Amino acid sequence: MSEHSKEKILIKAGKVLTPSGARISDVLIEDGKISSIKENLSAGDARTVDAKGMWVVPGLVDIHCHLREPGFEYKEDIASGTAAAAKGGFTSICCMANTDPVNDSPVVTEFIRKKARDAGPIHVHPIAALTKGLKGEQLTEVGELAASGAVALSDDGVSVRDANRLRLGLAYAKRFGLKVVSHPEDLDLTNGGLMNEGYWSTALGLAGITRAAEETIIARDCAIAELEDAPIHIAHVSTRGGAEVVRAMKKRGLKVTAETAPHYLYATDEWVRDYDTNTKVNPPLRTDDDQTALIEALRDGTIDCIATDHAPHHIDEKNVEFALAANGISGFETAFGICWTALVKPGHLTPEQLFEKMTSAPAAIFNLDAGVLEEGRVADVAVIDPEAEWVVDPKHFLSRGKNTPFTGRTLTGLARCTIAGGEVAYEVK
């Protein structure tokens with residue numbers, strides 16, 4: 001921990017969210033930890049953060065993002081990615097393995113962790129590949145990856161086609177206390193599709209992607225996990241049917257958890273109508289009905305958490321014909337505002353429910369020491385302004401990826417200050 005990170009910080013008069021509930025209080029941070037949560041605290045030599053009218057919550061936790069380094073630093077590097085995460089209120093993030101070289105060995109896992117430590121205070125947890133080179137053929141050395149700091153295993157970006165290979169991977173992962181993250185996509189069914197199959201794909205003359213491509217793999221992967229009595233996590237659920245499969249599997253007692261992403265809760269396939277390549281994402285934006293089902297699944301606990309699936313790209317990868325454009329949205333800096341605007345403002349979730357979906361719930365899925373704000377714990381804190389209205393302008397993104405379909409949209413809810421490990425990682429001046 002740096003000397004700067006050891007400064008005293010006093011957060012004054014915010015609505016503090018602790019495991020016992022929310023109350024107006026002060027938070028004192030000393031030596032990188034939360035030393036006291038009480039009213040009317042004073043510390044004359046402390047840096048003071050005025051949180052009156054704001055929520056003081058655990059630093060947000062994102063268990064699905066792409067930092068691109070090593071290999072694709074022209075899209076993003078760990079320094080720019082963690083800076084963007086801090087601006088978004090995130091203090092702990094889990095990055096996927098589809099780098100170059102692929103994170104399929106302890107060398108790459110350790111490289112990512114070291115680069116993250118050098119970059120700043122944001123906690124970066126690598127998710128290693130399940131199979132070497134993401135090829136779905138040979139399993140990685142699970143024990144060595146776990147020992148080097150990998151918190152989960154995933155071939156995210158591609159589904160493991162070989163069902164028996166997945167079965168073996170689930171068995172090995174279970175032995176070392178890791179979860180496998182399923183990327184639910186049947187490539188035979190997506191068949192080169194470009195957007196959700198439905199009215200708008202027909203109207204726009206774009207090849208569609210059927211919901212069945214997602215839903216069949218969720219069902220298959222859950223069934224294989226059940227066979228091994230192994231836990232499994234389902235990435236970026238985007239359809240009503242996908243949520244229904246997860247709900248049914250949970251009722252059967254399967255150890256399954258699931259996430260969705262902010263863009264599925266705010267945007268729909270109608271947004272593609274102007275062929276905006278920034279709306280091209282995998283899985284694709286779906287319909288109003290799917291969106292309604294995802295919100296209900298969040299409300300009833302079927303979907304455990306919200307993850308950004310932050311996927312930054314260079315402008316040249318989006319400034320092309322729709323069919324040639326890369327999939328993905330740069331999501332760290334808009335995630336919270338989208339969720340507050342789409343979920344809390346309309347009354348779908350309470351503030352406490354949303355914070356749980358973005359802090360303690362994702363942390364629990366990968367057993368991260370994060371997502372809880374209480375005395376004695378590491379000081380990972382976000383100060384959130386629930387009334388702040390702001391217009392999305394990617395020119396102001398700290399991420400190298402400016403690819404967002406939300407440009408010009410007015411969102412409500414903004415991280416004013418992000419503290420990671422007791423160090424101010426971001427603050428609105």
# chains A, B, ... in the order shown; residues from 1 in each chain; ligands from 1

$ residues_around --residues "stretch 337-344 of chain A" --least-positions-apart "3" --cutoff "12 Å" --atoms "only C-alpha atoms" --output "PDB file with N, CA and C atoms, in the first residue's frame"
ATOM      1  N   LYS A  87     -14.006   5.536 -12.291  1.00  0.00           N
ATOM      2  CA  LYS A  87     -14.954   6.610 -12.607  1.00  0.00           C
ATOM      3  C   LYS A  87     -16.386   6.109 -12.519  1.00  0.00           C
ATOM      4  N   GLY A  88     -16.585   4.841 -12.832  1.00  0.00           N
ATOM      5  CA  GLY A  88     -17.920   4.259 -12.763  1.00  0.00           C
ATOM      6  C   GLY A  88     -18.341   3.806 -11.383  1.00  0.00           C
ATOM      7  N   GLY A  89     -17.444   3.931 -10.388  1.00  0.00           N
ATOM      8  CA  GLY A  89     -17.778   3.520  -9.029  1.00  0.00           C
ATOM      9  C   GLY A  89     -17.324   2.126  -8.671  1.00  0.00           C
ATOM     10  N   THR A 260     -26.941 -10.449 -15.787  1.00  0.00           N
ATOM     11  CA  THR A 260     -27.296  -9.761 -17.015  1.00  0.00           C
ATOM     12  C   THR A 260     -26.486  -8.476 -17.049  1.00  0.00           C
ATOM     13  N   ALA A 261     -26.568  -7.749 -18.158  1.00  0.00           N
ATOM     14  CA  ALA A 261     -25.758  -6.537 -18.326  1.00  0.00           C
ATOM     15  C   ALA A 261     -26.651  -5.310 -18.437  1.00  0.00           C
ATOM     16  N   PRO A 262     -26.139  -4.132 -18.087  1.00  0.00           N
ATOM     17  CA  PRO A 262     -26.968  -2.922 -18.100  1.00  0.00           C
ATOM     18  C   PRO A 262     -27.647  -2.638 -19.435  1.00  0.00           C
ATOM     19  N   HIS A 263     -26.946  -2.902 -20.542  1.00  0.00           N
ATOM     20  CA  HIS A 263     -27.537  -2.536 -21.837  1.00  0.00           C
ATOM     21  C   HIS A 263     -28.789  -3.349 -22.160  1.00  0.00           C
ATOM     22  N   TYR A 264     -28.906  -4.559 -21.607  1.00  0.00           N
ATOM     23  CA  TYR A 264     -30.127  -5.343 -21.847  1.00  0.00           C
ATOM     24  C   TYR A 264     -31.304  -4.811 -21.038  1.00  0.00           C
ATOM     25  N   LEU A 265     -31.031  -3.989 -20.045  1.00  0.00           N
ATOM     26  CA  LEU A 265     -32.071  -3.444 -19.177  1.00  0.00           C
ATOM     27  C   LEU A 265     -32.548  -2.074 -19.638  1.00  0.00           C
ATOM     28  N   TYR A 266     -31.863  -1.499 -20.623  1.00  0.00           N
ATOM     29  CA  TYR A 266     -32.174  -0.130 -21.043  1.00  0.00           C
ATOM     30  C   TYR A 266     -32.430  -0.008 -22.540  1.00  0.00           C
ATOM     31  N   ALA A 267     -31.695  -0.741 -23.342  1.00  0.00           N
ATOM     32  CA  ALA A 267     -31.814  -0.657 -24.805  1.00  0.00           C
ATOM     33  C   ALA A 267     -32.507  -1.900 -25.345  1.00  0.00           C
ATOM     34  N   GLN A 291     -36.745  -7.603 -21.989  1.00  0.00           N
ATOM     35  CA  GLN A 291     -36.306  -6.652 -20.976  1.00  0.00           C
ATOM     36  C   GLN A 291     -37.181  -6.739 -19.729  1.00  0.00           C
ATOM     37  N   THR A 292     -38.482  -6.806 -19.928  1.00  0.00           N
ATOM     38  CA  THR A 292     -39.410  -6.940 -18.805  1.00  0.00           C
ATOM     39  C   THR A 292     -39.127  -8.206 -18.005  1.00  0.00           C
ATOM     40  N   LEU A 294     -36.249  -9.837 -17.805  1.00  0.00           N
ATOM     41  CA  LEU A 294     -34.970  -9.713 -17.102  1.00  0.00           C
ATOM     42  C   LEU A 294     -35.133  -8.908 -15.818  1.00  0.00           C
ATOM     43  N   ILE A 295     -35.922  -7.850 -15.881  1.00  0.00           N
ATOM     44  CA  ILE A 295     -36.155  -7.039 -14.686  1.00  0.00           C
ATOM     45  C   ILE A 295     -36.870  -7.866 -13.622  1.00  0.00           C
ATOM     46  N   GLU A 296     -37.866  -8.644 -14.028  1.00  0.00           N
ATOM     47  CA  GLU A 296     -38.557  -9.513 -13.074  1.00  0.00           C
ATOM     48  C   GLU A 296     -37.602 -10.554 -12.501  1.00  0.00           C
ATOM     49  N   LEU A 298     -34.389 -10.223 -12.067  1.00  0.00           N
ATOM     50  CA  LEU A 298     -33.562  -9.534 -11.071  1.00  0.00           C
ATOM     51  C   LEU A 298     -34.324  -9.365  -9.770  1.00  0.00           C
ATOM     52  N   ARG A 299     -35.588  -9.001  -9.897  1.00  0.00           N
ATOM     53  CA  ARG A 299     -36.403  -8.733  -8.713  1.00  0.00           C
ATOM     54  C   ARG A 299     -36.611  -9.981  -7.869  1.00  0.00           C
ATOM     55  N   CYS A 305     -27.051 -10.998 -10.298  1.00  0.00           N
ATOM     56  CA  CYS A 305     -26.287  -9.755 -10.290  1.00  0.00           C
ATOM     57  C   CYS A 305     -26.264  -9.111 -11.663  1.00  0.00           C
ATOM     58  N   ILE A 306     -25.730  -7.896 -11.677  1.00  0.00           N
ATOM     59  CA  ILE A 306     -25.525  -7.143 -12.909  1.00  0.00           C
ATOM     60  C   ILE A 306     -24.026  -7.014 -13.135  1.00  0.00           C
ATOM     61  N   ALA A 307     -23.578  -7.329 -14.334  1.00  0.00           N
ATOM     62  CA  ALA A 307     -22.167  -7.221 -14.705  1.00  0.00           C
ATOM     63  C   ALA A 307     -22.075  -6.411 -15.990  1.00  0.00           C
ATOM     64  N   THR A 308     -21.018  -5.633 -16.143  1.00  0.00           N
ATOM     65  CA  THR A 308     -20.987  -4.685 -17.265  1.00  0.00           C
ATOM     66  C   THR A 308     -20.764  -5.337 -18.625  1.00  0.00           C
ATOM     67  N   GLY A 331     -18.569  -0.140 -21.225  1.00  0.00           N
ATOM     68  CA  GLY A 331     -19.655  -0.023 -20.259  1.00  0.00           C
ATOM     69  C   GLY A 331     -19.349   0.441 -18.857  1.00  0.00           C
ATOM     70  N   PHE A 332     -18.097   0.537 -18.463  1.00  0.00           N
ATOM     71  CA  PHE A 332     -17.785   0.879 -17.075  1.00  0.00           C
ATOM     72  C   PHE A 332     -18.422   2.201 -16.637  1.00  0.00           C
ATOM     73  N   GLU A 333     -18.328   3.205 -17.497  1.00  0.00           N
ATOM     74  CA  GLU A 333     -18.657   4.565 -17.080  1.00  0.00           C
ATOM     75  C   GLU A 333     -20.135   4.898 -17.174  1.00  0.00           C
ATOM     76  N   THR A 334     -20.902   4.048 -17.831  1.00  0.00           N
ATOM     77  CA  THR A 334     -22.345   4.263 -17.946  1.00  0.00           C
ATOM     78  C   THR A 334     -23.154   3.254 -17.135  1.00  0.00           C
ATOM     79  N   GLY A 347     -39.039   2.471 -10.266  1.00  0.00           N
ATOM     80  CA  GLY A 347     -39.555   1.705  -9.138  1.00  0.00           C
ATOM     81  C   GLY A 347     -39.457   0.202  -9.264  1.00  0.00           C
ATOM     82  N   HIS A 348     -38.691  -0.286 -10.226  1.00  0.00           N
ATOM     83  CA  HIS A 348     -38.545  -1.740 -10.371  1.00  0.00           C
ATOM     84  C   HIS A 348     -37.727  -2.343  -9.234  1.00  0.00           C
ATOM     85  N   LEU A 349     -36.684  -1.637  -8.815  1.00  0.00           N
ATOM     86  CA  LEU A 349     -35.860  -2.065  -7.696  1.00  0.00           C
ATOM     87  C   LEU A 349     -35.701  -0.897  -6.733  1.00  0.00           C
ATOM     88  N   THR A 350     -35.541  -1.206  -5.445  1.00  0.00           N
ATOM     89  CA  THR A 350     -35.190  -0.164  -4.486  1.00  0.00           C
ATOM     90  C   THR A 350     -33.701   0.145  -4.634  1.00  0.00           C
ATOM     91  N   PRO A 351     -33.233   1.275  -4.141  1.00  0.00           N
ATOM     92  CA  PRO A 351     -31.796   1.523  -4.178  1.00  0.00           C
ATOM     93  C   PRO A 351     -30.993   0.409  -3.526  1.00  0.00           C
ATOM     94  N   GLU A 352     -31.468  -0.068  -2.368  1.00  0.00           N
ATOM     95  CA  GLU A 352     -30.754  -1.141  -1.675  1.00  0.00           C
ATOM     96  C   GLU A 352     -30.673  -2.403  -2.524  1.00  0.00           C
ATOM     97  N   GLN A 353     -31.741  -2.724  -3.232  1.00  0.00           N
ATOM     98  CA  GLN A 353     -31.724  -3.913  -4.093  1.00  0.00           C
ATOM     99  C   GLN A 353     -30.727  -3.759  -5.231  1.00  0.00           C
ATOM    100  N   LEU A 354     -30.691  -2.572  -5.832  1.00  0.00           N
ATOM    101  CA  LEU A 354     -29.735  -2.355  -6.916  1.00  0.00           C
ATOM    102  C   LEU A 354     -28.303  -2.446  -6.400  1.00  0.00           C
ATOM    103  N   PHE A 355     -28.024  -1.808  -5.281  1.00  0.00           N
ATOM    104  CA  PHE A 355     -26.661  -1.868  -4.749  1.00  0.00           C
ATOM    105  C   PHE A 355     -26.255  -3.319  -4.453  1.00  0.00           C
ATOM    106  N   LYS A 357     -27.232  -5.960  -6.025  1.00  0.00           N
ATOM    107  CA  LYS A 357     -26.978  -6.614  -7.309  1.00  0.00           C
ATOM    108  C   LYS A 357     -25.643  -6.198  -7.926  1.00  0.00           C
ATOM    109  N   MET A 358     -25.088  -5.080  -7.419  1.00  0.00           N
ATOM    110  CA  MET A 358     -23.840  -4.567  -7.998  1.00  0.00           C
ATOM    111  C   MET A 358     -22.681  -4.585  -6.996  1.00  0.00           C
ATOM    112  N   ILE A 384     -22.178   7.842  -4.027  1.00  0.00           N
ATOM    113  CA  ILE A 384     -23.087   7.909  -5.180  1.00  0.00           C
ATOM    114  C   ILE A 384     -24.076   9.061  -5.014  1.00  0.00           C
ATOM    115  N   ASP A 385     -24.164   9.887  -6.036  1.00  0.00           N
ATOM    116  CA  ASP A 385     -25.153  10.972  -6.074  1.00  0.00           C
ATOM    117  C   ASP A 385     -26.380  10.467  -6.829  1.00  0.00           C
ATOM    118  N   PRO A 386     -27.494  10.201  -6.116  1.00  0.00           N
ATOM    119  CA  PRO A 386     -28.666   9.609  -6.779  1.00  0.00           C
ATOM    120  C   PRO A 386     -29.468  10.602  -7.607  1.00  0.00           C
ATOM    121  N   GLU A 387     -29.207  11.900  -7.417  1.00  0.00           N
ATOM    122  CA  GLU A 387     -29.984  12.928  -8.115  1.00  0.00           C
ATOM    123  C   GLU A 387     -29.243  13.515  -9.307  1.00  0.00           C
ATOM    124  N   ALA A 388     -27.965  13.202  -9.445  1.00  0.00           N
ATOM    125  CA  ALA A 388     -27.172  13.809 -10.519  1.00  0.00           C
ATOM    126  C   ALA A 388     -27.677  13.367 -11.883  1.00  0.00           C
ATOM    127  N   GLU A 389     -27.999  14.318 -12.715  1.00  0.00           N
ATOM    128  CA  GLU A 389     -28.360  14.035 -14.105  1.00  0.00           C
ATOM    129  C   GLU A 389     -27.184  14.426 -14.988  1.00  0.00           C
ATOM    130  N   TRP A 390     -26.870  13.567 -15.936  1.00  0.00           N
ATOM    131  CA  TRP A 390     -25.723  13.840 -16.803  1.00  0.00           C
ATOM    132  C   TRP A 390     -25.963  13.233 -18.174  1.00  0.00           C
ATOM    133  N   VAL A 391     -25.343  13.824 -19.159  1.00  0.00           N
ATOM    134  CA  VAL A 391     -25.514  13.387 -20.544  1.00  0.00           C
ATOM    135  C   VAL A 391     -24.282  12.583 -20.961  1.00  0.00           C
ATOM    136  N   VAL A 392     -24.510  11.414 -21.507  1.00  0.00           N
ATOM    137  CA  VAL A 392     -23.404  10.544 -21.914  1.00  0.00           C
ATOM    138  C   VAL A 392     -22.655  11.176 -23.087  1.00  0.00           C
ATOM    139  N   PRO A 405     -23.723   3.035 -27.408  1.00  0.00           N
ATOM    140  CA  PRO A 405     -24.939   3.480 -28.082  1.00  0.00           C
ATOM    141  C   PRO A 405     -25.711   4.512 -27.268  1.00  0.00           C
ATOM    142  N   PHE A 406     -25.179   4.897 -26.105  1.00  0.00           N
ATOM    143  CA  PHE A 406     -25.908   5.778 -25.198  1.00  0.00           C
ATOM    144  C   PHE A 406     -25.506   7.250 -25.334  1.00  0.00           C
ATOM    145  N   ARG A 409     -27.708  10.408 -24.354  1.00  0.00           N
ATOM    146  CA  ARG A 409     -28.772  10.026 -23.427  1.00  0.00           C
ATOM    147  C   ARG A 409     -28.543  10.677 -22.062  1.00  0.00           C
ATOM    148  N   THR A 410     -29.623  11.122 -21.449  1.00  0.00           N
ATOM    149  CA  THR A 410     -29.538  11.675 -20.103  1.00  0.00           C
ATOM    150  C   THR A 410     -29.785  10.571 -19.085  1.00  0.00           C
ATOM    151  N   LEU A 411     -28.807  10.359 -18.218  1.00  0.00           N
ATOM    152  CA  LEU A 411     -28.902   9.350 -17.173  1.00  0.00           C
ATOM    153  C   LEU A 411     -28.938  10.020 -15.805  1.00  0.00           C
ATOM    154  N   THR A 412     -29.461   9.293 -14.831  1.00  0.00           N
ATOM    155  CA  THR A 412     -29.493   9.766 -13.455  1.00  0.00           C
ATOM    156  C   THR A 412     -28.704   8.801 -12.592  1.00  0.00           C
ATOM    157  N   GLY A 413     -27.892   9.342 -11.686  1.00  0.00           N
ATOM    158  CA  GLY A 413     -27.076   8.509 -10.804  1.00  0.00           C
ATOM    159  C   GLY A 413     -25.624   8.540 -11.235  1.00  0.00           C
ATOM    160  N   LEU A 414     -24.747   8.960 -10.325  1.00  0.00           N
ATOM    161  CA  LEU A 414     -23.354   9.180 -10.693  1.00  0.00           C
ATOM    162  C   LEU A 414     -22.450   8.938  -9.493  1.00  0.00           C
ATOM    163  N   ALA A 415     -21.328   8.261  -9.738  1.00  0.00           N
ATOM    164  CA  ALA A 415     -20.318   8.097  -8.692  1.00  0.00           C
ATOM    165  C   ALA A 415     -19.538   9.401  -8.553  1.00  0.00           C
ATOM    166  N   ARG A 416     -19.601  10.023  -7.377  1.00  0.00           N
ATOM    167  CA  ARG A 416     -18.875  11.267  -7.128  1.00  0.00           C
ATOM    168  C   ARG A 416     -17.460  11.007  -6.630  1.00  0.00           C
TER     169      ARG A 416
END

$ residues_around --residues "A:Ile78" --least-positions-apart "3" --cutoff "9 Å" --atoms "only C-alpha atoms" --output "PyMOL selection string"
chain A and resi 67-70+73+81-83+112+115-116+119+124

$ write_last_selection --atoms "N, CA, C and O atoms" --output "PDB file, in the first residue's frame"
ATOM      1  N   LEU A  67     -10.416  -6.228 -20.247  1.00  0.00           N
ATOM      2  CA  LEU A  67      -9.403  -5.180 -20.131  1.00  0.00           C
ATOM      3  C   LEU A  67      -8.423  -5.174 -21.311  1.00  0.00           C
ATOM      4  O   LEU A  67      -7.589  -4.280 -21.415  1.00  0.00           O
ATOM      5  N   ARG A  68      -8.511  -6.205 -22.159  1.00  0.00           N
ATOM      6  CA  ARG A  68      -7.790  -6.280 -23.440  1.00  0.00           C
ATOM      7  C   ARG A  68      -6.282  -6.523 -23.342  1.00  0.00           C
ATOM      8  O   ARG A  68      -5.693  -7.046 -24.271  1.00  0.00           O
ATOM      9  N   GLU A  69      -5.645  -6.127 -22.251  1.00  0.00           N
ATOM     10  CA  GLU A  69      -4.211  -6.333 -22.108  1.00  0.00           C
ATOM     11  C   GLU A  69      -3.950  -7.665 -21.431  1.00  0.00           C
ATOM     12  O   GLU A  69      -4.611  -7.981 -20.446  1.00  0.00           O
ATOM     13  N   PRO A  70      -3.023  -8.473 -21.972  1.00  0.00           N
ATOM     14  CA  PRO A  70      -2.061  -8.198 -23.042  1.00  0.00           C
ATOM     15  C   PRO A  70      -2.635  -8.410 -24.444  1.00  0.00           C
ATOM     16  O   PRO A  70      -3.591  -9.162 -24.621  1.00  0.00           O
ATOM     17  N   GLU A  73      -3.848  -3.665 -26.613  1.00  0.00           N
ATOM     18  CA  GLU A  73      -3.761  -2.390 -25.909  1.00  0.00           C
ATOM     19  C   GLU A  73      -4.278  -1.217 -26.729  1.00  0.00           C
ATOM     20  O   GLU A  73      -4.585  -0.155 -26.170  1.00  0.00           O
ATOM     21  N   GLY A  81      -8.408   0.934 -18.386  1.00  0.00           N
ATOM     22  CA  GLY A  81      -9.594   0.195 -17.969  1.00  0.00           C
ATOM     23  C   GLY A  81      -9.906   0.383 -16.496  1.00  0.00           C
ATOM     24  O   GLY A  81     -11.069   0.585 -16.112  1.00  0.00           O
ATOM     25  N   THR A  82      -8.880   0.331 -15.662  1.00  0.00           N
ATOM     26  CA  THR A  82      -9.125   0.516 -14.225  1.00  0.00           C
ATOM     27  C   THR A  82      -9.496   1.962 -13.907  1.00  0.00           C
ATOM     28  O   THR A  82     -10.291   2.219 -12.998  1.00  0.00           O
ATOM     29  N   ALA A  83      -8.952   2.914 -14.658  1.00  0.00           N
ATOM     30  CA  ALA A  83      -9.355   4.313 -14.471  1.00  0.00           C
ATOM     31  C   ALA A  83     -10.836   4.494 -14.805  1.00  0.00           C
ATOM     32  O   ALA A  83     -11.576   5.184 -14.090  1.00  0.00           O
ATOM     33  N   ILE A 112      -1.152  -9.986 -15.512  1.00  0.00           N
ATOM     34  CA  ILE A 112      -2.317  -9.110 -15.363  1.00  0.00           C
ATOM     35  C   ILE A 112      -2.389  -8.551 -13.950  1.00  0.00           C
ATOM     36  O   ILE A 112      -2.618  -7.350 -13.749  1.00  0.00           O
ATOM     37  N   LYS A 115       0.386  -5.883 -13.494  1.00  0.00           N
ATOM     38  CA  LYS A 115       0.066  -4.649 -14.209  1.00  0.00           C
ATOM     39  C   LYS A 115      -1.026  -3.869 -13.480  1.00  0.00           C
ATOM     40  O   LYS A 115      -0.999  -2.634 -13.432  1.00  0.00           O
ATOM     41  N   ALA A 116      -1.978  -4.603 -12.910  1.00  0.00           N
ATOM     42  CA  ALA A 116      -3.063  -3.946 -12.179  1.00  0.00           C
ATOM     43  C   ALA A 116      -2.541  -3.277 -10.911  1.00  0.00           C
ATOM     44  O   ALA A 116      -2.938  -2.158 -10.580  1.00  0.00           O
ATOM     45  N   ALA A 119      -0.886  -0.156 -11.860  1.00  0.00           N
ATOM     46  CA  ALA A 119      -1.778   0.854 -12.436  1.00  0.00           C
ATOM     47  C   ALA A 119      -2.471   1.693 -11.379  1.00  0.00           C
ATOM     48  O   ALA A 119      -2.793   2.862 -11.621  1.00  0.00           O
ATOM     49  N   VAL A 124      -8.070  -5.964  -9.389  1.00  0.00           N
ATOM     50  CA  VAL A 124      -8.322  -6.693 -10.638  1.00  0.00           C
ATOM     51  C   VAL A 124      -8.136  -8.185 -10.385  1.00  0.00           C
ATOM     52  O   VAL A 124      -7.076  -8.623  -9.927  1.00  0.00           O
TER      53      VAL A 124
END

$ residues_around --residues "A:Gly253" --least-positions-apart "6" --cutoff "12 Å" --atoms "only C-alpha atoms" --output "PyMOL selection string"
chain A and resi 222-223+225-226+229-231+246-247

$ residues_around --residues "A:Ile329" --least-positions-apart "6" --cutoff "7 Å" --atoms "only C-alpha atoms" --output "PDB file with all heavy atoms, in the first residue's frame"
ATOM      1  N   ASN A 278     -22.596   0.789 -32.830  1.00  0.00           N
ATOM      2  CA  ASN A 278     -22.401   0.766 -31.383  1.00  0.00           C
ATOM      3  C   ASN A 278     -23.485  -0.036 -30.670  1.00  0.00           C
ATOM      4  O   ASN A 278     -23.345  -0.351 -29.488  1.00  0.00           O
ATOM      5  CB  ASN A 278     -22.355   2.189 -30.822  1.00  0.00           C
ATOM      6  CG  ASN A 278     -21.055   2.884 -31.168  1.00  0.00           C
ATOM      7  OD1 ASN A 278     -19.980   2.324 -31.021  1.00  0.00           O
ATOM      8  ND2 ASN A 278     -21.156   4.118 -31.641  1.00  0.00           N
ATOM      9  N   VAL A 281     -23.779  -5.992 -30.273  1.00  0.00           N
ATOM     10  CA  VAL A 281     -23.236  -6.601 -29.069  1.00  0.00           C
ATOM     11  C   VAL A 281     -23.633  -8.079 -29.066  1.00  0.00           C
ATOM     12  O   VAL A 281     -24.577  -8.474 -29.760  1.00  0.00           O
ATOM     13  CB  VAL A 281     -23.778  -5.862 -27.814  1.00  0.00           C
ATOM     14  CG1 VAL A 281     -25.282  -6.011 -27.696  1.00  0.00           C
ATOM     15  CG2 VAL A 281     -23.087  -6.282 -26.545  1.00  0.00           C
ATOM     16  N   HIS A 310     -18.080  -4.978 -20.002  1.00  0.00           N
ATOM     17  CA  HIS A 310     -17.307  -3.883 -20.608  1.00  0.00           C
ATOM     18  C   HIS A 310     -16.431  -4.431 -21.728  1.00  0.00           C
ATOM     19  O   HIS A 310     -15.571  -5.280 -21.501  1.00  0.00           O
ATOM     20  CB  HIS A 310     -16.446  -3.231 -19.525  1.00  0.00           C
ATOM     21  CG  HIS A 310     -15.479  -2.205 -20.004  1.00  0.00           C
ATOM     22  ND1 HIS A 310     -15.861  -0.953 -20.438  1.00  0.00           N
ATOM     23  CD2 HIS A 310     -14.113  -2.233 -20.102  1.00  0.00           C
ATOM     24  CE1 HIS A 310     -14.787  -0.258 -20.778  1.00  0.00           C
ATOM     25  NE2 HIS A 310     -13.713  -1.005 -20.594  1.00  0.00           N
ATOM     26  N   ALA A 311     -16.684  -3.955 -22.955  1.00  0.00           N
ATOM     27  CA  ALA A 311     -15.976  -4.482 -24.126  1.00  0.00           C
ATOM     28  C   ALA A 311     -15.535  -3.328 -25.021  1.00  0.00           C
ATOM     29  O   ALA A 311     -16.185  -3.000 -26.017  1.00  0.00           O
ATOM     30  CB  ALA A 311     -16.874  -5.445 -24.902  1.00  0.00           C
ATOM     31  N   PRO A 312     -14.428  -2.674 -24.670  1.00  0.00           N
ATOM     32  CA  PRO A 312     -13.954  -1.530 -25.441  1.00  0.00           C
ATOM     33  C   PRO A 312     -13.355  -1.940 -26.784  1.00  0.00           C
ATOM     34  O   PRO A 312     -12.711  -2.984 -26.900  1.00  0.00           O
ATOM     35  CB  PRO A 312     -12.885  -0.919 -24.535  1.00  0.00           C
ATOM     36  CG  PRO A 312     -12.370  -2.081 -23.733  1.00  0.00           C
ATOM     37  CD  PRO A 312     -13.544  -2.984 -23.525  1.00  0.00           C
ATOM     38  N   ASN A 403     -16.912   3.313 -27.677  1.00  0.00           N
ATOM     39  CA  ASN A 403     -18.036   2.662 -28.351  1.00  0.00           C
ATOM     40  C   ASN A 403     -19.213   2.478 -27.404  1.00  0.00           C
ATOM     41  O   ASN A 403     -19.249   1.586 -26.576  1.00  0.00           O
ATOM     42  CB  ASN A 403     -17.602   1.302 -28.922  1.00  0.00           C
ATOM     43  CG  ASN A 403     -16.837   0.438 -27.934  1.00  0.00           C
ATOM     44  OD1 ASN A 403     -15.784   0.823 -27.428  1.00  0.00           O
ATOM     45  ND2 ASN A 403     -17.355  -0.753 -27.671  1.00  0.00           N
ATOM     46  N   THR A 404     -20.184   3.363 -27.528  1.00  0.00           N
ATOM     47  CA  THR A 404     -21.395   3.297 -26.718  1.00  0.00           C
ATOM     48  C   THR A 404     -22.596   3.745 -27.534  1.00  0.00           C
ATOM     49  O   THR A 404     -22.511   4.731 -28.281  1.00  0.00           O
ATOM     50  CB  THR A 404     -21.284   4.174 -25.458  1.00  0.00           C
ATOM     51  OG1 THR A 404     -22.538   4.141 -24.753  1.00  0.00           O
ATOM     52  CG2 THR A 404     -20.925   5.604 -25.795  1.00  0.00           C
TER      53      THR A 404
END

$ select_by_dssp --residues "stretch 22-225 of chain A" --states "strand (DSSP E or B)" --output "PyMOL selection string"
chain A and resi 22-30+33-38+47-50+55-58+60-65+90-95+123-128+131+139+152-154+179-182+195-196+208-209

$ select_by_dssp --residues "stretch 85-132 of chain A" --states "helix (DSSP H, G or I)" --output "PyMOL selection string"
chain A and resi 85-87+106-119+132

$ closest_residue --among "A:Ile218, A:Ile419, A:Ala425, A:Val383" --to "A:Ile29" --atoms "only C-alpha atoms"
A:Ile419

$ closest_residue --among "A:Ser42, A:Asn196, A:Asn319, A:Ser148" --to "A:Thr268" --atoms "only C-alpha atoms"
A:Asn196

$ closest_residue --among "A:Lys280, A:Arg240, A:Arg400, A:Lys135" --to "A:Gly208" --atoms "only C-alpha atoms"
A:Lys280

$ residues_around --residues "stretch 15-27 of chain A" --least-positions-apart "6" --cutoff "7 Å" --atoms "only C-alpha atoms" --output "list of chain:residue names"
A:Ser36, A:Ile37, A:Lys38, A:Glu39, A:Asn40, A:Leu41, A:Met54, A:Trp55, A:Val56, A:Val57, A:Val372, A:Leu373, A:Glu374

$ closest_residue --among "A:Val142, A:Ala235, A:Ala129, A:Val428" --to "A:Ile217" --atoms "only C-alpha atoms"
A:Ala235

$ closest_residue --among "A:Asp31, A:Ala363, A:Leu189, A:Thr277" --to "A:Glu321" --atoms "only C-alpha atoms"
A:Thr277

$ atom_distance --atom1 "atom CA of A:Lys255" --atom2 "atom CA of A:His123"
26.3 Å
